[in-house]
Amino acid sequence: MDDAQALLTRLYEAYNRRDLAAFSALLATDVDWPDQIQGGRLIGLDAVAAYWTRNDKMITVDAAPVSFETRPDGRVAVDVNQIVRNLAGHIWSDSCQRQVFTLRDGKVARMDIEFLDKGREA
């Protein structure tokens with residue numbers, strides 16, 4: 001496992017544990033992250049932390065990486081099975097998406113989403 005894959009594996013593990021401190025420690029301070037609920041982009045650790053805190057009051061998301069691929073431009077594409085549940089545990093969606101990470105200085109600087117089954121990007 002290379003350094004990028006190890007970093008992203010730790011990111012997914014922290015996310016699925018709902019360990020915001022461990023998750024945030026793997027992000028650049030000026031991280032650029034997609035807002036999958038309201039659209040647009042979130043910039044910075046505080047914005048991303050507020051986003052996940054707000055979402056955790058409405059939904060539970062589990063993201064399981066299926067494959068990792070380093071692209072020629074250095075970004076890392078991760079195919080992910082993402083399951084979204086309401087707070088009662090009922091599945092709202094079970095989908096695959098490609099999350100594309102830009103890494104800088106050993107941290108995640110940006111994440112983009114390519115929706116594999118819908119042909120759109122966030």
# chains A, B, ... in the order shown; residues from 1 in each chain; ligands from 1
>>> residues_around(residues="range 106-112 of chain A", least_positions_apart="3", cutoff="7 Å", atoms="only C-alpha atoms", output="ChimeraX atom specification")
/A:26-28,30-34,99-103,122
>>> write_last_selection(atoms="all heavy atoms", output="CSV table (one decimal), in the first residue's frame")
chain,number,residue,atom,x,y,z
A,26,LEU,N,-6.2,14.9,8.9
A,26,LEU,CA,-5.7,14.4,7.6
A,26,LEU,C,-6.0,15.4,6.5
A,26,LEU,O,-5.7,15.1,5.4
A,26,LEU,CB,-6.3,13.0,7.3
A,26,LEU,CG,-6.0,11.9,8.4
A,26,LEU,CD1,-6.8,10.7,8.1
A,26,LEU,CD2,-4.5,11.6,8.4
A,27,LEU,N,-6.7,16.5,6.8
A,27,LEU,CA,-7.0,17.5,5.9
A,27,LEU,C,-6.1,18.7,6.0
A,27,LEU,O,-5.7,19.1,7.0
A,27,LEU,CB,-8.5,18.0,6.1
A,27,LEU,CG,-9.6,16.9,6.1
A,27,LEU,CD1,-10.9,17.6,6.4
A,27,LEU,CD2,-9.6,16.1,4.8
A,28,ALA,N,-5.8,19.3,4.8
A,28,ALA,CA,-5.1,20.6,4.8
A,28,ALA,C,-6.0,21.7,5.4
A,28,ALA,O,-7.2,21.6,5.4
A,28,ALA,CB,-4.8,21.0,3.4
A,30,ASP,N,-6.7,24.5,4.5
A,30,ASP,CA,-7.5,25.2,3.5
A,30,ASP,C,-8.2,24.2,2.5
A,30,ASP,O,-8.5,24.5,1.4
A,30,ASP,CB,-6.7,26.2,2.6
A,30,ASP,CG,-5.5,25.5,1.9
A,30,ASP,OD1,-5.2,24.3,2.2
A,30,ASP,OD2,-5.0,26.1,1.0
A,31,VAL,N,-8.6,23.1,3.1
A,31,VAL,CA,-9.2,22.0,2.3
A,31,VAL,C,-10.4,22.5,1.5
A,31,VAL,O,-11.1,23.4,2.0
A,31,VAL,CB,-9.6,20.8,3.2
A,31,VAL,CG1,-10.7,21.2,4.2
A,31,VAL,CG2,-10.0,19.6,2.4
A,32,ASP,N,-10.6,22.0,0.3
A,32,ASP,CA,-11.7,22.3,-0.6
A,32,ASP,C,-12.5,21.1,-0.8
A,32,ASP,O,-12.0,20.1,-1.3
A,32,ASP,CB,-11.1,22.8,-1.9
A,32,ASP,CG,-12.1,23.3,-2.9
A,32,ASP,OD1,-13.3,22.9,-2.8
A,32,ASP,OD2,-11.8,24.1,-3.8
A,33,TRP,N,-13.8,21.1,-0.3
A,33,TRP,CA,-14.6,19.9,-0.2
A,33,TRP,C,-16.0,20.1,-0.8
A,33,TRP,O,-16.5,21.2,-0.6
A,33,TRP,CB,-14.7,19.6,1.3
A,33,TRP,CG,-15.1,18.2,1.6
A,33,TRP,CD1,-16.4,17.7,1.8
A,33,TRP,CD2,-14.3,17.0,1.8
A,33,TRP,NE1,-16.4,16.4,2.1
A,33,TRP,CE2,-15.1,15.9,2.1
A,33,TRP,CE3,-12.9,16.9,1.7
A,33,TRP,CZ2,-14.6,14.7,2.3
A,33,TRP,CZ3,-12.4,15.6,2.0
A,33,TRP,CH2,-13.2,14.5,2.3
A,34,PRO,N,-16.6,19.2,-1.5
A,34,PRO,CA,-17.9,19.4,-2.0
A,34,PRO,C,-19.0,19.3,-1.0
A,34,PRO,O,-18.9,18.5,0.0
A,34,PRO,CB,-18.0,18.2,-3.0
A,34,PRO,CG,-17.2,17.1,-2.5
A,34,PRO,CD,-16.0,17.8,-1.8
A,99,GLN,N,-14.6,9.2,-5.7
A,99,GLN,CA,-14.1,10.4,-5.0
A,99,GLN,C,-12.6,10.6,-5.4
A,99,GLN,O,-11.8,9.7,-5.3
A,99,GLN,CB,-14.2,10.2,-3.5
A,99,GLN,CG,-15.7,10.0,-3.1
A,99,GLN,CD,-15.9,9.7,-1.7
A,99,GLN,OE1,-15.0,9.4,-0.9
A,99,GLN,NE2,-17.2,9.8,-1.3
A,100,VAL,N,-12.3,11.8,-5.9
A,100,VAL,CA,-11.0,12.1,-6.5
A,100,VAL,C,-10.3,13.1,-5.6
A,100,VAL,O,-10.8,14.2,-5.3
A,100,VAL,CB,-11.1,12.7,-7.9
A,100,VAL,CG1,-9.8,12.9,-8.5
A,100,VAL,CG2,-11.9,11.7,-8.8
A,101,PHE,N,-9.2,12.7,-5.0
A,101,PHE,CA,-8.5,13.5,-4.0
A,101,PHE,C,-7.2,14.1,-4.6
A,101,PHE,O,-6.4,13.5,-5.3
A,101,PHE,CB,-8.1,12.6,-2.8
A,101,PHE,CG,-9.3,12.1,-2.1
A,101,PHE,CD1,-9.8,10.9,-2.4
A,101,PHE,CD2,-9.8,12.8,-1.0
A,101,PHE,CE1,-10.9,10.4,-1.7
A,101,PHE,CE2,-10.9,12.3,-0.3
A,101,PHE,CZ,-11.4,11.1,-0.7
A,102,THR,N,-7.0,15.4,-4.3
A,102,THR,CA,-5.8,16.1,-4.5
A,102,THR,C,-5.1,16.1,-3.2
A,102,THR,O,-5.6,16.6,-2.2
A,102,THR,CB,-6.1,17.5,-5.0
A,102,THR,OG1,-6.8,17.4,-6.2
A,102,THR,CG2,-4.8,18.3,-5.3
A,103,LEU,N,-3.8,15.6,-3.1
A,103,LEU,CA,-3.1,15.6,-1.9
A,103,LEU,C,-2.0,16.6,-2.0
A,103,LEU,O,-1.4,16.9,-3.0
A,103,LEU,CB,-2.5,14.2,-1.7
A,103,LEU,CG,-3.5,13.0,-1.7
A,103,LEU,CD1,-2.7,11.7,-1.5
A,103,LEU,CD2,-4.5,13.2,-0.7
A,122,ALA,N,-19.5,16.8,-8.7
A,122,ALA,CA,-19.7,17.8,-7.7
A,122,ALA,C,-18.4,18.3,-7.3
A,122,ALA,O,-17.4,17.6,-7.4
A,122,ALA,CB,-20.4,17.1,-6.5
>>> residues_around(residues="Thr29 in chain A", least_positions_apart="3", cutoff="9 Å", atoms="only C-alpha atoms", output="list in words")
Ser24, Ala25, Ile43, Gly44, Leu45, Asp46 and Ala109 of chain A
>>> write_last_selection(atoms="all heavy atoms", output="mmCIF file, in the first residue's frame")
data_model
loop_
_atom_site.group_PDB
_atom_site.id
_atom_site.type_symbol
_atom_site.label_atom_id
_atom_site.label_comp_id
_atom_site.auth_asym_id
_atom_site.auth_seq_id
_atom_site.Cartn_x
_atom_site.Cartn_y
_atom_site.Cartn_z
ATOM 1 N N SER A 24 -10.222 15.319 10.540
ATOM 2 C CA SER A 24 -9.738 16.676 10.257
ATOM 3 C C SER A 24 -8.212 16.750 10.246
ATOM 4 O O SER A 24 -7.637 17.549 9.503
ATOM 5 C CB SER A 24 -10.302 17.660 11.280
ATOM 6 O OG SER A 24 -11.707 17.739 11.153
ATOM 7 N N ALA A 25 -7.558 15.920 11.052
ATOM 8 C CA ALA A 25 -6.096 15.931 11.107
ATOM 9 C C ALA A 25 -5.472 15.505 9.777
ATOM 10 O O ALA A 25 -4.301 15.789 9.516
ATOM 11 C CB ALA A 25 -5.607 15.016 12.230
ATOM 12 N N ILE A 43 -14.788 25.482 2.058
ATOM 13 C CA ILE A 43 -13.370 25.804 2.100
ATOM 14 C C ILE A 43 -12.929 25.924 3.556
ATOM 15 O O ILE A 43 -13.497 26.714 4.322
ATOM 16 C CB ILE A 43 -13.057 27.126 1.359
ATOM 17 C CG1 ILE A 43 -13.605 27.090 -0.068
ATOM 18 C CG2 ILE A 43 -11.563 27.414 1.389
ATOM 19 C CD1 ILE A 43 -13.001 26.029 -0.961
ATOM 20 N N GLY A 44 -11.935 25.132 3.935
ATOM 21 C CA GLY A 44 -11.349 25.200 5.265
ATOM 22 C C GLY A 44 -11.891 24.162 6.224
ATOM 23 O O GLY A 44 -12.989 23.626 6.060
ATOM 24 N N LEU A 45 -11.079 23.890 7.252
ATOM 25 C CA LEU A 45 -11.434 22.874 8.245
ATOM 26 C C LEU A 45 -12.720 23.188 8.990
ATOM 27 O O LEU A 45 -13.534 22.297 9.239
ATOM 28 C CB LEU A 45 -10.287 22.709 9.248
ATOM 29 C CG LEU A 45 -9.005 22.077 8.716
ATOM 30 C CD1 LEU A 45 -7.917 22.113 9.778
ATOM 31 C CD2 LEU A 45 -9.269 20.657 8.251
ATOM 32 N N ASP A 46 -12.917 24.446 9.358
ATOM 33 C CA ASP A 46 -14.124 24.813 10.104
ATOM 34 C C ASP A 46 -15.381 24.554 9.285
ATOM 35 O O ASP A 46 -16.380 24.049 9.803
ATOM 36 C CB ASP A 46 -14.072 26.277 10.552
ATOM 37 C CG ASP A 46 -13.031 26.525 11.633
ATOM 38 O OD1 ASP A 46 -12.593 25.556 12.295
ATOM 39 O OD2 ASP A 46 -12.644 27.700 11.824
ATOM 40 N N ALA A 109 -6.028 17.995 0.194
ATOM 41 C CA ALA A 109 -6.222 19.412 -0.104
ATOM 42 C C ALA A 109 -7.565 19.657 -0.798
ATOM 43 O O ALA A 109 -8.143 20.750 -0.665
ATOM 44 C CB ALA A 109 -5.096 19.930 -0.984
#
>>> select_by_dssp(residues="chain A", states="helix (DSSP H, G or I)", output="NGL selection string")
:A and (3-17 or 20-24 or 45-55)
>>> atom_distance(atom1="CA of Thr53 in chain A", atom2="CA of Leu116 in chain A")
26.5 Å
>>> closest_residue(among="A:Phe68, A:Phe115, A:Tyr51, A:Trp92", to="Leu8 in chain A", atoms="only C-alpha atoms")
A:Phe68
>>> atom_distance(atom1="CA of Val76 in chain A", atom2="CA of Ala64 in chain A")
15.4 Å
>>> residues_around(residues="Asn86 in chain A", least_positions_apart="5", cutoff="8 Å", atoms="only C-alpha atoms", output="JSON, numbers by chain")
{"A": [58, 59, 60, 91, 92]}
>>> write_last_selection(atoms="all heavy atoms", output="tab-separated table (two decimals), in the first residue's frame")
chain	number	residue	atom	x	y	z
A	58	MET	N	-28.86	14.52	10.77
A	58	MET	CA	-29.93	14.12	9.85
A	58	MET	C	-29.74	12.74	9.25
A	58	MET	O	-30.71	12.03	9.00
A	58	MET	CB	-30.01	15.12	8.68
A	58	MET	CG	-30.28	16.54	9.08
A	58	MET	SD	-30.34	17.64	7.64
A	58	MET	CE	-28.62	17.61	7.08
A	59	ILE	N	-28.48	12.37	8.99
A	59	ILE	CA	-28.19	11.13	8.27
A	59	ILE	C	-26.93	10.48	8.83
A	59	ILE	O	-26.15	11.11	9.53
A	59	ILE	CB	-27.98	11.39	6.76
A	59	ILE	CG1	-26.84	12.38	6.53
A	59	ILE	CG2	-29.27	11.83	6.09
A	59	ILE	CD1	-26.47	12.61	5.07
A	60	THR	N	-26.77	9.22	8.46
A	60	THR	CA	-25.53	8.49	8.72
A	60	THR	C	-25.02	8.00	7.38
A	60	THR	O	-25.76	7.39	6.61
A	60	THR	CB	-25.78	7.29	9.65
A	60	THR	OG1	-26.30	7.77	10.88
A	60	THR	CG2	-24.51	6.53	9.92
A	91	ILE	N	-32.15	2.59	5.05
A	91	ILE	CA	-31.30	3.01	3.92
A	91	ILE	C	-32.07	3.95	3.00
A	91	ILE	O	-33.17	3.63	2.54
A	91	ILE	CB	-30.79	1.78	3.14
A	91	ILE	CG1	-29.84	0.97	4.02
A	91	ILE	CG2	-30.10	2.22	1.85
A	91	ILE	CD1	-29.35	-0.31	3.38
A	92	TRP	N	-31.48	5.11	2.76
A	92	TRP	CA	-32.02	6.08	1.79
A	92	TRP	C	-31.39	5.86	0.44
A	92	TRP	O	-32.02	6.01	-0.58
A	92	TRP	CB	-31.76	7.50	2.25
A	92	TRP	CG	-32.71	8.00	3.29
A	92	TRP	CD1	-33.78	7.33	3.81
A	92	TRP	CD2	-32.67	9.26	3.95
A	92	TRP	NE1	-34.40	8.10	4.75
A	92	TRP	CE2	-33.74	9.29	4.85
A	92	TRP	CE3	-31.83	10.35	3.86
A	92	TRP	CZ2	-34.00	10.39	5.66
A	92	TRP	CZ3	-32.09	11.45	4.67
A	92	TRP	CH2	-33.17	11.46	5.55
>>> closest_residue(among="A:Arg17, A:His90, A:Arg98, A:Arg54", to="Gln38 in chain A", atoms="only C-alpha atoms")
A:Arg54
>>> residues_around(residues="Thr9 in chain A", least_positions_apart="5", cutoff="12 Å", atoms="only C-alpha atoms", output="VMD selection string")
chain A and resid 1 to 4 14 to 16 23 26 63 to 68 76 78 80 108
>>> closest_residue(among="A:Ala50, A:Arg75, A:Asp56, A:Asp105", to="Leu87 in chain A", atoms="only C-alpha atoms")
A:Asp56
>>> select_by_dssp(residues="range 24-121 of chain A", states="strand (DSSP E or B)", output="NGL selection string")
:A and (27-34 or 41-43 or 59-70 or 76-86 or 91-104 or 107-115 or 120-121)
>>> closest_residue(among="A:Asn81, A:Asn55, A:Ile37, A:Arg71", to="Ser93 in chain A", atoms="only C-alpha atoms")
A:Asn81
>>> closest_residue(among="A:Leu7, A:Leu42, A:Ile83, A:Ala49", to="Asp19 in chain A", atoms="only C-alpha atoms")
A:Ala49
